[in-house]
file upload-v5.cif (mmCIF, C-alpha atoms)
data_my_file
loop_
_atom_site.group_PDB
_atom_site.id
_atom_site.type_symbol
_atom_site.label_atom_id
_atom_site.label_comp_id
_atom_site.auth_asym_id
_atom_site.auth_seq_id
_atom_site.Cartn_x
_atom_site.Cartn_y
_atom_site.Cartn_z
ATOM 1 C CA MET S 226 0.000 0.000 0.000
ATOM 2 C CA THR S 227 1.358 3.440 -0.937
ATOM 3 C CA THR S 228 0.806 6.721 0.832
ATOM 4 C CA ALA S 229 -0.132 9.977 -0.890
ATOM 5 C CA PHE S 230 0.843 12.962 1.252
ATOM 6 C CA GLU S 231 -1.433 15.928 0.880
ATOM 7 C CA THR S 232 -0.142 16.722 4.374
ATOM 8 C CA LEU S 233 1.756 14.962 7.106
ATOM 9 C CA SER S 234 -0.417 13.373 9.777
ATOM 10 C CA SER S 235 0.031 13.618 13.520
ATOM 11 C CA GLY S 236 -1.821 12.107 16.425
ATOM 12 C CA ARG S 237 -3.088 8.572 16.629
ATOM 13 C CA THR S 238 -6.198 6.545 17.254
ATOM 14 C CA PRO S 239 -6.923 5.257 20.754
ATOM 15 C CA SER S 240 -4.879 2.206 21.718
ATOM 16 C CA PRO S 241 -6.491 -0.579 23.766
ATOM 17 C CA VAL S 242 -3.210 -0.781 25.705
ATOM 18 C CA GLU S 243 -3.509 2.810 26.906
ATOM 19 C CA PRO S 244 -5.608 2.997 30.112
ATOM 20 C CA LEU S 245 -8.932 4.763 29.765
ATOM 21 C CA PRO S 246 -8.180 7.300 32.553
ATOM 22 C CA HIS S 247 -5.026 8.289 30.631
ATOM 23 C CA GLN S 248 -7.101 8.739 27.477
ATOM 24 C CA LEU S 249 -9.679 10.838 29.317
ATOM 25 C CA LEU S 250 -6.999 13.168 30.652
ATOM 26 C CA ALA S 251 -5.409 13.415 27.198
ATOM 27 C CA VAL S 252 -8.721 14.295 25.536
ATOM 28 C CA LEU S 253 -9.457 17.000 28.103
ATOM 29 C CA GLY S 254 -5.921 18.329 27.711
ATOM 30 C CA GLN S 255 -6.385 18.437 23.942
ATOM 31 C CA HIS S 256 -9.947 19.757 23.748
ATOM 32 C CA ARG S 257 -10.075 21.793 27.011
ATOM 33 C CA MET S 258 -13.594 20.552 27.788
ATOM 34 C CA ALA S 259 -16.080 17.802 26.809
ATOM 35 C CA THR S 260 -19.319 16.364 28.102
ATOM 36 C CA THR S 261 -19.636 12.843 29.455
ATOM 37 C CA GLY S 262 -21.497 11.862 26.292
ATOM 38 C CA GLN S 263 -18.853 13.352 24.023
ATOM 39 C CA LEU S 264 -16.053 11.567 25.883
ATOM 40 C CA HIS S 265 -18.026 8.333 25.605
ATOM 41 C CA ASP S 266 -18.553 8.767 21.855
ATOM 42 C CA LEU S 267 -14.903 9.685 21.272
ATOM 43 C CA LEU S 268 -13.331 6.870 23.277
ATOM 44 C CA ARG S 269 -15.768 4.015 23.968
ATOM 45 C CA PRO S 270 -18.818 4.375 21.707
ATOM 46 C CA ALA S 271 -19.742 0.679 21.921
ATOM 47 C CA ALA S 272 -19.528 0.468 25.724
ATOM 48 C CA ALA S 273 -22.000 1.443 28.421
ATOM 49 C CA ARG S 274 -21.979 5.090 29.509
ATOM 50 C CA GLN S 275 -20.740 4.051 32.972
ATOM 51 C CA THR S 276 -17.517 2.837 31.349
ATOM 52 C CA VAL S 277 -16.552 6.498 30.997
ATOM 53 C CA SER S 278 -18.421 8.138 33.892
ATOM 54 C CA THR S 279 -16.897 5.847 36.537
ATOM 55 C CA PRO S 280 -13.222 6.715 35.823
ATOM 56 C CA LEU S 281 -14.171 10.386 35.409
ATOM 57 C CA ASN S 282 -15.560 10.446 38.930
ATOM 58 C CA LYS S 283 -12.417 8.726 40.216
ATOM 59 C CA LEU S 284 -10.252 11.347 38.521
ATOM 60 C CA ARG S 285 -12.382 14.046 40.131
ATOM 61 C CA ARG S 286 -11.855 12.552 43.577
ATOM 62 C CA LYS S 287 -8.103 12.697 42.881
ATOM 63 C CA GLY S 288 -8.404 16.390 42.064
ATOM 64 C CA LEU S 289 -7.366 16.035 38.408
ATOM 65 C CA VAL S 290 -10.672 16.919 36.728
ATOM 66 C CA ASP S 291 -13.840 18.771 37.616
ATOM 67 C CA TYR S 292 -17.106 19.570 35.882
ATOM 68 C CA ALA S 293 -19.682 22.270 35.281
ATOM 69 C CA VAL S 294 -23.380 21.402 35.059
ATOM 70 C CA LEU S 295 -24.836 22.519 31.748
ATOM 71 C CA PRO S 296 -28.003 24.630 31.979
ATOM 72 C CA GLN S 297 -31.271 23.112 30.719
ATOM 73 C CA SER S 298 -29.577 19.761 30.052
ATOM 74 C CA ASN S 299 -30.965 17.407 32.715
ATOM 75 C CA ARG S 300 -27.778 18.037 34.722
ATOM 76 C CA SER S 301 -25.355 16.987 31.980
ATOM 77 C CA ARG S 302 -21.726 17.547 32.936
ATOM 78 C CA ALA S 303 -18.984 19.320 30.991
ATOM 79 C CA TRP S 304 -15.609 18.044 32.229
ATOM 80 C CA TYR S 305 -12.311 19.942 32.299
ATOM 81 C CA LEU S 306 -8.847 19.623 33.833
ATOM 82 C CA THR S 307 -7.984 21.227 37.140
ATOM 83 C CA GLY S 308 -4.627 22.930 37.629
ATOM 84 C CA ASP S 309 -3.145 19.652 38.880
ATOM 85 C CA GLY S 310 -4.587 17.794 35.907
ATOM 86 C CA ALA S 311 -3.184 20.342 33.460
ATOM 87 C CA ARG S 312 0.272 20.052 35.003
ATOM 88 C CA LEU S 313 0.084 16.260 34.767
ATOM 89 C CA VAL S 314 -0.879 16.059 31.081
ATOM 90 C CA ARG S 315 1.804 18.590 30.158
ATOM 91 C CA ASP S 316 4.238 15.660 30.224
ATOM 92 C CA PHE S 317 2.120 13.379 28.016
ATOM 93 C CA PRO S 318 4.082 12.802 24.765
ATOM 94 C CA ALA S 319 1.095 13.686 22.561
ATOM 95 C CA LEU S 320 0.517 16.977 24.415
ATOM 96 C CA ARG S 321 4.031 18.332 24.912
ATOM 97 C CA SER S 322 3.484 21.102 22.369
ATOM 98 C CA ARG S 323 0.016 21.918 23.734
ATOM 99 C CA PRO S 324 0.020 24.909 26.109
ATOM 100 C CA PRO S 325 -1.818 24.070 29.364
ATOM 101 C CA TYR S 326 -4.835 26.295 29.975
ATOM 102 C CA PRO S 327 -6.429 25.020 33.189
ATOM 103 C CA ILE S 328 -9.967 26.171 33.882
ATOM 104 C CA THR S 329 -9.988 27.551 37.415
ATOM 105 C CA SER S 330 -13.679 27.260 38.330
ATOM 106 C CA ALA S 331 -17.103 26.105 37.200
ATOM 107 C CA THR S 332 -17.933 29.768 36.530
ATOM 108 C CA ALA S 333 -14.941 30.122 34.216
ATOM 109 C CA ALA S 334 -15.916 26.836 32.560
ATOM 110 C CA SER S 335 -19.428 28.093 31.860
ATOM 111 C CA LEU S 336 -18.031 31.026 29.860
ATOM 112 C CA LYS S 337 -16.108 28.688 27.531
ATOM 113 C CA THR S 338 -18.728 25.938 27.334
ATOM 114 C CA PRO S 339 -20.901 26.885 24.317
ATOM 115 C CA HIS S 340 -18.135 27.352 21.771
ATOM 116 C CA THR S 341 -15.784 24.660 23.095
ATOM 117 C CA LEU S 342 -18.468 21.974 23.135
ATOM 118 C CA THR S 343 -19.644 22.942 19.636
ATOM 119 C CA VAL S 344 -16.091 22.488 18.356
ATOM 120 C CA VAL S 345 -16.067 19.014 19.962
ATOM 121 C CA ARG S 346 -19.418 18.298 18.260
ATOM 122 C CA THR S 347 -17.799 19.105 14.932
ATOM 123 C CA HIS S 348 -14.883 16.806 15.670
ATOM 124 C CA LEU S 349 -17.270 13.991 16.585
ATOM 125 C CA ALA S 350 -18.997 14.273 13.211
ATOM 126 C CA PHE S 351 -15.678 13.516 11.504
ATOM 127 C CA VAL S 352 -14.752 10.777 14.016
ATOM 128 C CA THR S 353 -18.090 8.999 13.506
ATOM 129 C CA ASP S 354 -17.794 9.209 9.729
ATOM 130 C CA ALA S 355 -14.194 7.943 9.780
ATOM 131 C CA ARG S 356 -15.203 4.900 11.829
ATOM 132 C CA ARG S 357 -17.994 4.111 9.389
ATOM 133 C CA ARG S 358 -15.691 4.410 6.382
ATOM 134 C CA GLY S 359 -12.633 2.740 7.926
ATOM 135 C CA ASP S 360 -10.527 5.920 7.701
ATOM 136 C CA GLU S 361 -8.053 7.069 10.347
ATOM 137 C CA HIS S 362 -9.169 9.968 12.511
ATOM 138 C CA GLY S 363 -8.923 9.626 16.278
ATOM 139 C CA HIS S 364 -9.337 11.598 19.477
ATOM 140 C CA LEU S 365 -5.952 13.337 19.181
ATOM 141 C CA ASP S 366 -6.217 14.072 15.436
ATOM 142 C CA TRP S 367 -8.012 17.347 16.133
ATOM 143 C CA THR S 368 -6.192 20.244 17.796
ATOM 144 C CA PRO S 369 -8.323 23.227 18.868
ATOM 145 C CA GLU S 370 -7.086 26.812 19.162
ATOM 146 C CA VAL S 371 -4.061 26.651 16.885
ATOM 147 C CA SER S 372 -2.245 29.969 16.534
ATOM 148 C CA HIS S 373 -0.004 31.119 13.675
ATOM 149 C CA PRO S 374 1.743 34.492 13.271
ATOM 150 C CA LEU S 375 0.830 37.015 10.617
ATOM 151 C CA SER S 376 2.644 40.171 9.555
ATOM 152 C CA ASP S 377 2.717 43.292 11.765
ATOM 153 C CA GLY S 378 2.781 41.195 14.946
ATOM 154 C CA GLU S 379 -0.745 39.900 14.421
ATOM 155 C CA LYS S 380 -1.808 36.258 14.557
ATOM 156 C CA ILE S 381 -4.586 33.977 13.341
ATOM 157 C CA ILE S 382 -6.161 31.433 15.678
ATOM 158 C CA ALA S 383 -7.952 28.564 13.957
ATOM 159 C CA ASP S 384 -10.772 26.948 15.903
ATOM 160 C CA ALA S 385 -9.100 23.621 15.089
ATOM 161 C CA VAL S 386 -6.562 21.902 12.874
ATOM 162 C CA MET S 387 -7.753 18.492 11.716
ATOM 163 C CA HIS S 388 -5.621 15.525 10.653
ATOM 164 C CA TYR S 389 -7.362 12.831 8.623
ATOM 165 C CA THR S 390 -6.168 9.804 6.662
ATOM 166 C CA LEU S 391 -8.301 8.465 3.824
ATOM 167 C CA ILE S 392 -7.913 4.709 3.395
ATOM 168 C CA GLY S 393 -8.259 3.402 -0.175
ATOM 169 C CA GLU S 394 -7.725 -0.046 -1.603
ATOM 170 C CA ASP S 395 -4.045 0.540 -2.302
ATOM 171 C CA GLN S 396 -3.350 4.044 -0.988
ATOM 172 C CA ARG S 397 -3.444 6.121 2.208
ATOM 173 C CA THR S 398 -4.009 9.846 1.626
ATOM 174 C CA LYS S 399 -3.163 12.183 4.479
ATOM 175 C CA LEU S 400 -5.246 15.353 4.657
ATOM 176 C CA ARG S 401 -5.202 18.357 6.952
ATOM 177 C CA ALA S 402 -7.699 21.184 7.358
ATOM 178 C CA PHE S 403 -8.204 24.412 9.246
ATOM 179 C CA VAL S 404 -11.720 24.249 10.732
ATOM 180 C CA GLU S 405 -13.756 27.286 11.739
ATOM 181 C CA VAL S 406 -16.899 26.650 13.811
ATOM 182 C CA ASP S 407 -19.480 29.443 13.519
ATOM 183 C CA ARG S 408 -22.333 29.602 16.049
ATOM 184 C CA THR S 409 -23.800 32.760 14.467
ATOM 185 C CA THR S 410 -22.526 34.837 17.385
ATOM 186 C CA MET S 411 -20.546 37.254 15.190
ATOM 187 C CA SER S 412 -21.590 39.287 12.190
ATOM 188 C CA SER S 413 -21.539 37.627 8.799
ATOM 189 C CA GLU S 414 -19.013 40.196 7.579
ATOM 190 C CA ARG S 415 -16.651 39.403 10.446
ATOM 191 C CA LEU S 416 -16.978 35.687 9.730
ATOM 192 C CA ALA S 417 -16.140 36.217 6.054
ATOM 193 C CA SER S 418 -13.139 38.361 6.985
ATOM 194 C CA LYS S 419 -11.587 35.260 8.533
ATOM 195 C CA LEU S 420 -10.842 34.259 4.937
ATOM 196 C CA ILE S 421 -8.626 37.337 4.605
ATOM 197 C CA GLU S 422 -6.607 36.153 7.604
ATOM 198 C CA TYR S 423 -6.105 32.724 6.038
ATOM 199 C CA ALA S 424 -5.080 34.374 2.768
ATOM 200 C CA ARG S 425 -2.552 36.484 4.683
ATOM 201 C CA LEU S 426 -1.166 33.367 6.382
ATOM 202 C CA TRP S 427 -0.917 31.629 3.009
ATOM 203 C CA SER S 428 1.103 34.506 1.507
ATOM 204 C CA TYR S 429 3.109 35.718 4.527
ATOM 205 C CA GLU S 430 6.900 35.560 4.174
ATOM 206 C CA PRO S 431 8.676 36.858 7.286
ATOM 207 C CA GLN S 432 11.701 39.045 6.609
ATOM 208 C CA PRO S 433 14.869 38.832 8.736
ATOM 209 C CA ALA S 434 15.133 41.810 11.084
ATOM 210 C CA GLY S 435 18.762 42.799 11.439
ATOM 211 C CA ARG S 436 22.045 41.038 10.881
ATOM 212 C CA SER S 437 21.815 38.795 13.964
ATOM 213 C CA ARG S 438 18.441 37.495 12.827
ATOM 214 C CA ALA S 439 19.803 36.946 9.340
ATOM 215 C CA ARG S 440 22.477 34.620 10.707
ATOM 216 C CA GLN S 441 19.876 32.407 12.381
ATOM 217 C CA PRO S 442 18.850 29.304 10.412
ATOM 218 C CA ALA S 443 15.336 29.580 9.040
ATOM 219 C CA ILE S 444 13.098 27.915 6.494
ATOM 220 C CA PRO S 445 12.921 30.304 3.530
ATOM 221 C CA GLY S 446 9.630 31.231 1.915
ATOM 222 C CA VAL S 447 6.123 31.434 3.308
ATOM 223 C CA ILE S 448 5.802 30.869 7.036
ATOM 224 C CA TRP S 449 3.251 28.037 6.916
ATOM 225 C CA LEU S 450 5.918 25.728 5.461
ATOM 226 C CA ARG S 451 7.343 25.541 8.985
ATOM 227 C CA TRP S 452 4.384 23.354 9.950
ATOM 228 C CA TYR S 453 2.689 22.012 6.795
ATOM 229 C CA PRO S 454 4.037 20.533 3.549
ATOM 230 C CA VAL S 455 0.817 21.655 1.820
ATOM 231 C CA PHE S 456 -1.448 24.461 3.000
ATOM 232 C CA PRO S 457 -4.443 22.891 4.816
ATOM 233 C CA ARG S 458 -7.940 23.052 3.427
ATOM 234 C CA VAL S 459 -10.182 25.701 4.998
ATOM 235 C CA LEU S 460 -13.549 24.443 6.281
ATOM 236 C CA PHE S 461 -16.413 26.357 7.919
ATOM 237 C CA ALA S 462 -19.033 24.484 9.982
ATOM 238 C CA LEU S 463 -22.063 26.683 10.727
ATOM 239 C CA THR S 464 -24.865 26.296 13.277
ATOM 240 C CA GLY S 465 -27.039 28.256 15.680
ATOM 241 C CA ALA S 466 -29.566 29.796 13.274
ATOM 242 C CA SER S 467 -32.215 28.957 10.690
ATOM 243 C CA ARG S 468 -31.262 27.362 7.404
ATOM 244 C CA TYR S 469 -32.065 30.641 5.662
ATOM 245 C CA VAL S 470 -29.618 32.583 7.860
ATOM 246 C CA LEU S 471 -26.890 29.960 7.521
ATOM 247 C CA ASP S 472 -27.292 29.856 3.733
ATOM 248 C CA ASN S 473 -26.864 33.634 3.652
ATOM 249 C CA ARG S 474 -23.677 33.380 5.711
ATOM 250 C CA ILE S 475 -22.303 30.796 3.287
ATOM 251 C CA SER S 476 -23.176 33.148 0.421
ATOM 252 C CA ASP S 477 -21.211 35.910 2.159
ATOM 253 C CA LEU S 478 -18.190 33.603 2.405
ATOM 254 C CA GLN S 479 -18.473 32.947 -1.333
ATOM 255 C CA ALA S 480 -18.762 36.690 -2.004
ATOM 256 C CA MET S 481 -15.496 37.277 -0.125
ATOM 257 C CA VAL S 482 -13.789 34.738 -2.375
ATOM 258 C CA ALA S 483 -15.210 36.427 -5.464
ATOM 259 C CA GLN S 484 -14.433 40.017 -4.453
ATOM 260 C CA HIS S 485 -11.163 39.959 -2.482
ATOM 261 C CA PRO S 486 -8.123 39.512 -4.764
ATOM 262 C CA LEU S 487 -5.896 37.702 -2.252
ATOM 263 C CA VAL S 488 -8.709 35.435 -1.027
ATOM 264 C CA GLY S 489 -9.609 34.636 -4.630
ATOM 265 C CA THR S 490 -6.019 33.660 -5.340
ATOM 266 C CA LEU S 491 -6.005 31.432 -2.249
ATOM 267 C CA ALA S 492 -9.240 29.756 -3.373
ATOM 268 C CA ARG S 493 -7.652 28.812 -6.689
ATOM 269 C CA GLN S 494 -4.872 26.998 -4.806
ATOM 270 C CA VAL S 495 -6.515 25.679 -1.631
ATOM 271 C CA PRO S 496 -9.824 23.757 -1.305
ATOM 272 C CA MET S 497 -12.318 25.700 0.813
ATOM 273 C CA GLY S 498 -15.893 24.868 1.764
ATOM 274 C CA ALA S 499 -18.732 25.506 4.203
ATOM 275 C CA ALA S 500 -21.426 23.233 5.602
ATOM 276 C CA VAL S 501 -24.169 23.223 8.220
ATOM 277 C CA LEU S 502 -23.068 21.328 11.348
ATOM 278 C CA GLU S 503 -26.381 19.502 11.649
ATOM 279 C CA ASP S 504 -25.866 18.145 8.104
ATOM 280 C CA LEU S 505 -22.425 16.866 9.103
ATOM 281 C CA GLU S 506 -23.991 15.056 12.058
ATOM 282 C CA ASP S 507 -26.976 13.663 10.142
ATOM 283 C CA LYS S 508 -25.374 12.761 6.806
ATOM 284 C CA GLY S 509 -21.641 12.688 7.487
ATOM 285 C CA PRO S 510 -18.859 15.019 6.287
ATOM 286 C CA THR S 511 -18.124 12.822 3.255
ATOM 287 C CA SER S 512 -21.676 13.347 1.956
ATOM 288 C CA ASN S 513 -22.565 16.072 -0.532
ATOM 289 C CA VAL S 514 -23.045 18.715 2.170
ATOM 290 C CA TRP S 515 -20.079 21.068 1.588
ATOM 291 C CA VAL S 516 -20.589 24.176 -0.522
ATOM 292 C CA PRO S 517 -17.336 25.039 -2.335
ATOM 293 C CA LEU S 518 -16.513 28.667 -1.575
ATOM 294 C CA ALA S 519 -15.100 29.099 -5.075
ATOM 295 C CA GLY S 520 -18.403 27.938 -6.564
ATOM 296 C CA GLY S 521 -19.915 24.671 -7.696
ATOM 297 C CA LYS S 522 -22.308 21.997 -6.464
ATOM 298 C CA PRO S 523 -22.196 20.605 -2.898
ATOM 299 C CA ARG S 524 -19.766 17.718 -2.448
ATOM 300 C CA PRO S 525 -17.756 15.844 0.218
ATOM 301 C CA TRP S 526 -15.046 17.815 1.999
ATOM 302 C CA THR S 527 -12.471 15.435 0.542
ATOM 303 C CA GLU S 528 -13.474 16.492 -2.999
ATOM 304 C CA LEU S 529 -13.566 20.266 -2.627
#
call {"tool": "encode", "arguments": {"input": "upload-v5.cif", "output": "structure tokens"}}
result
Amino acid sequence: MTTAFETLSSGRTPSPVEPLPHQLLAVLGQHRMATTGQLHDLLRPAAARQTVSTPLNKLRRKGLVDYAVLPQSNRSRAWYLTGDGARLVRDFPALRSRPPYPITSATAASLKTPHTLTVVRTHLAFVTDARRRGDEHGHLDWTPEVSHPLSDGEKIIADAVMHYTLIGEDQRTKLRAFVEVDRTTMSSERLASKLIEYARLWSYEPQPAGRSRARQPAIPGVIWLRWYPVFPRVLFALTGASRYVLDNRISDLQAMVAQHPLVGTLARQVPMGAAVLEDLEDKGPTSNVWVPLAGGKPRPWTEL
């Protein structure tokens, strides 16, 4: 079997050798927060719910995790690492490059809950689809809150970077994507302007500042080559409003591609698409639910 590299893959699928409590801590270190149900679906979808809730409660008694009760949810719990838990997972091999951001209280957790849990929902749509298809996409193949520098000291923070391996009969194709999760909490214009930031990242070439900097070894060319062999796809998952409103927001993303010169150039080089999150959950991301931002009929994200 050969491997076609659209991008290099990182992360791995859960190993049966790795203890479940270790996996739970790693997921919370990676994703910052997840509900009991989400942790169950990520790690042990075929097992009883108690398989996950029992070790979570043990970890809480040890002071490594805590939870916030979600409002209007029949007392569903959103779990997160305590300060001690964050310090512990900092030494996990898979999380050594992941900055620890412990949540200090249930009140602080409640402020992060809506967006963080929606990002996990989006990840689960891809995880579920990958299991069905036999592709490779596990609980650590999705890294939220990934920051990259732009010019003028600015930076872009992607809601997530996704790693995904398509499995064919005689080939493994490694894909990577920037994922933006829109809950309709910002204006449509501000959402579309995120495409300008990705276009700036795609074109940004840092210049050496001074002779001492010039002597330092560096990878020449655009900055994203420091992390990716090919620029990742750009995907928008939208939710939180009527289909009419979400369709209009997708149209505004397409208008940005059509009207902004740098974004249009990016779209000719990099696959970009938008989809409704509920469609990803109901039909799967490899269904014809993604609207190409450069125009065309809906298709799977892998065929944008």
call {"tool": "resolve_selection", "arguments": {"input": "upload-v5.cif", "expression": "the PyMOL selection byres ((chain S and resi 475-484) around 12)", "output": "PDB file with C-alpha atoms, in the frame of the given file"}}
result
ATOM      1  CA  ASP S 407     -19.480  29.443  13.519  1.00  0.00           C
ATOM      2  CA  THR S 409     -23.800  32.760  14.467  1.00  0.00           C
ATOM      3  CA  SER S 412     -21.590  39.287  12.190  1.00  0.00           C
ATOM      4  CA  SER S 413     -21.539  37.627   8.799  1.00  0.00           C
ATOM      5  CA  GLU S 414     -19.013  40.196   7.579  1.00  0.00           C
ATOM      6  CA  ARG S 415     -16.651  39.403  10.446  1.00  0.00           C
ATOM      7  CA  LEU S 416     -16.978  35.687   9.730  1.00  0.00           C
ATOM      8  CA  ALA S 417     -16.140  36.217   6.054  1.00  0.00           C
ATOM      9  CA  SER S 418     -13.139  38.361   6.985  1.00  0.00           C
ATOM     10  CA  LYS S 419     -11.587  35.260   8.533  1.00  0.00           C
ATOM     11  CA  LEU S 420     -10.842  34.259   4.937  1.00  0.00           C
ATOM     12  CA  ILE S 421      -8.626  37.337   4.605  1.00  0.00           C
ATOM     13  CA  GLU S 422      -6.607  36.153   7.604  1.00  0.00           C
ATOM     14  CA  TYR S 423      -6.105  32.724   6.038  1.00  0.00           C
ATOM     15  CA  ALA S 424      -5.080  34.374   2.768  1.00  0.00           C
ATOM     16  CA  VAL S 459     -10.182  25.701   4.998  1.00  0.00           C
ATOM     17  CA  LEU S 460     -13.549  24.443   6.281  1.00  0.00           C
ATOM     18  CA  PHE S 461     -16.413  26.357   7.919  1.00  0.00           C
ATOM     19  CA  ALA S 462     -19.033  24.484   9.982  1.00  0.00           C
ATOM     20  CA  LEU S 463     -22.063  26.683  10.727  1.00  0.00           C
ATOM     21  CA  THR S 464     -24.865  26.296  13.277  1.00  0.00           C
ATOM     22  CA  ARG S 468     -31.262  27.362   7.404  1.00  0.00           C
ATOM     23  CA  TYR S 469     -32.065  30.641   5.662  1.00  0.00           C
ATOM     24  CA  VAL S 470     -29.618  32.583   7.860  1.00  0.00           C
ATOM     25  CA  LEU S 471     -26.890  29.960   7.521  1.00  0.00           C
ATOM     26  CA  ASP S 472     -27.292  29.856   3.733  1.00  0.00           C
ATOM     27  CA  ASN S 473     -26.864  33.634   3.652  1.00  0.00           C
ATOM     28  CA  ARG S 474     -23.677  33.380   5.711  1.00  0.00           C
ATOM     29  CA  HIS S 485     -11.163  39.959  -2.482  1.00  0.00           C
ATOM     30  CA  PRO S 486      -8.123  39.512  -4.764  1.00  0.00           C
ATOM     31  CA  LEU S 487      -5.896  37.702  -2.252  1.00  0.00           C
ATOM     32  CA  VAL S 488      -8.709  35.435  -1.027  1.00  0.00           C
ATOM     33  CA  GLY S 489      -9.609  34.636  -4.630  1.00  0.00           C
ATOM     34  CA  THR S 490      -6.019  33.660  -5.340  1.00  0.00           C
ATOM     35  CA  LEU S 491      -6.005  31.432  -2.249  1.00  0.00           C
ATOM     36  CA  ALA S 492      -9.240  29.756  -3.373  1.00  0.00           C
ATOM     37  CA  ARG S 493      -7.652  28.812  -6.689  1.00  0.00           C
ATOM     38  CA  VAL S 495      -6.515  25.679  -1.631  1.00  0.00           C
ATOM     39  CA  PRO S 496      -9.824  23.757  -1.305  1.00  0.00           C
ATOM     40  CA  MET S 497     -12.318  25.700   0.813  1.00  0.00           C
ATOM     41  CA  GLY S 498     -15.893  24.868   1.764  1.00  0.00           C
ATOM     42  CA  ALA S 499     -18.732  25.506   4.203  1.00  0.00           C
ATOM     43  CA  ALA S 500     -21.426  23.233   5.602  1.00  0.00           C
ATOM     44  CA  VAL S 501     -24.169  23.223   8.220  1.00  0.00           C
ATOM     45  CA  TRP S 515     -20.079  21.068   1.588  1.00  0.00           C
ATOM     46  CA  VAL S 516     -20.589  24.176  -0.522  1.00  0.00           C
ATOM     47  CA  PRO S 517     -17.336  25.039  -2.335  1.00  0.00           C
ATOM     48  CA  LEU S 518     -16.513  28.667  -1.575  1.00  0.00           C
ATOM     49  CA  ALA S 519     -15.100  29.099  -5.075  1.00  0.00           C
ATOM     50  CA  GLY S 520     -18.403  27.938  -6.564  1.00  0.00           C
ATOM     51  CA  GLY S 521     -19.915  24.671  -7.696  1.00  0.00           C
ATOM     52  CA  PRO S 523     -22.196  20.605  -2.898  1.00  0.00           C
TER      53      PRO S 523
END
call {"tool": "residues_around", "arguments": {"input": "upload-v5.cif", "residues": "S:Leu267", "least_positions_apart": "4", "cutoff": "12 Å", "atoms": "all atoms listed in the file", "output": "ChimeraX atom specification"}}
result
/S:238-239,245,248-249,251-253,256,259-263,271-272,274,277,345-356,362-367
call {"tool": "closest_residue", "arguments": {"input": "upload-v5.cif", "among": "S:Gly288, S:Gly254, S:Pro280, S:Gly359", "to": "S:Val314", "atoms": "only C-alpha atoms"}}
result
S:Gly254
call {"tool": "residues_around", "arguments": {"input": "upload-v5.cif", "residues": "S:Ala385", "least_positions_apart": "2", "cutoff": "6 Å", "atoms": "all atoms listed in the file", "output": "list in words"}}
result
Thr368, Pro369, Glu370, Ala383, Phe403 and Val404 of chain S
call {"tool": "write_last_selection", "arguments": {"input": "upload-v5.cif", "atoms": "C-alpha atoms", "output": "CSV table (one decimal), keeping the file's coordinate frame"}}
result
chain,number,residue,atom,x,y,z
S,368,THR,CA,-6.2,20.2,17.8
S,369,PRO,CA,-8.3,23.2,18.9
S,370,GLU,CA,-7.1,26.8,19.2
S,383,ALA,CA,-8.0,28.6,14.0
S,403,PHE,CA,-8.2,24.4,9.2
S,404,VAL,CA,-11.7,24.2,10.7
call {"tool": "axis_aligned_box", "arguments": {"input": "upload-v5.cif", "around": "stretch 315-322 of chain S", "padding_each_side": "8 Å", "output": "lines of an AutoDock Vina configuration file"}}
result
center_x = 2.4
center_y = 17.0
center_z = 26.3
size_x = 19.7
size_y = 24.3
size_z = 23.9
call {"tool": "residues_around", "arguments": {"input": "upload-v5.cif", "residues": "S:Glu528", "least_positions_apart": "3", "cutoff": "9 Å", "atoms": "only C-alpha atoms", "output": "list of chain:residue names"}}
result
S:Pro496, S:Thr511, S:Arg524, S:Pro525
call {"tool": "atom_distance", "arguments": {"input": "upload-v5.cif", "atom1": "atom CA of S:Asp360", "atom2": "atom CA of S:Lys399"}}
result
10.2 Å
call {"tool": "closest_residue", "arguments": {"input": "upload-v5.cif", "among": "S:Met411, S:Val514, S:Val406, S:Leu306", "to": "S:Lys287", "atoms": "only C-alpha atoms"}}
result
S:Leu306
call {"tool": "atom_distance", "arguments": {"input": "upload-v5.cif", "atom1": "atom CA of S:Pro246", "atom2": "atom CA of S:Glu405"}}
result
29.4 Å
call {"tool": "decode", "arguments": {"input": "upload-v5.cif", "residues": "stretch 469-482 of chain S", "atoms": "C-alpha atoms", "output": "mmCIF file, in the first residue's frame"}}
result
data_model
loop_
_atom_site.group_PDB
_atom_site.id
_atom_site.type_symbol
_atom_site.label_atom_id
_atom_site.label_comp_id
_atom_site.auth_asym_id
_atom_site.auth_seq_id
_atom_site.Cartn_x
_atom_site.Cartn_y
_atom_site.Cartn_z
ATOM 1 C CA TYR S 469 -32.065 30.641 5.662
ATOM 2 C CA VAL S 470 -29.618 32.583 7.860
ATOM 3 C CA LEU S 471 -26.890 29.960 7.521
ATOM 4 C CA ASP S 472 -27.292 29.856 3.733
ATOM 5 C CA ASN S 473 -26.864 33.634 3.652
ATOM 6 C CA ARG S 474 -23.677 33.380 5.711
ATOM 7 C CA ILE S 475 -22.303 30.796 3.287
ATOM 8 C CA SER S 476 -23.176 33.148 0.421
ATOM 9 C CA ASP S 477 -21.211 35.910 2.159
ATOM 10 C CA LEU S 478 -18.190 33.603 2.405
ATOM 11 C CA GLN S 479 -18.473 32.947 -1.333
ATOM 12 C CA ALA S 480 -18.762 36.690 -2.004
ATOM 13 C CA MET S 481 -15.496 37.277 -0.125
ATOM 14 C CA VAL S 482 -13.789 34.738 -2.375
#
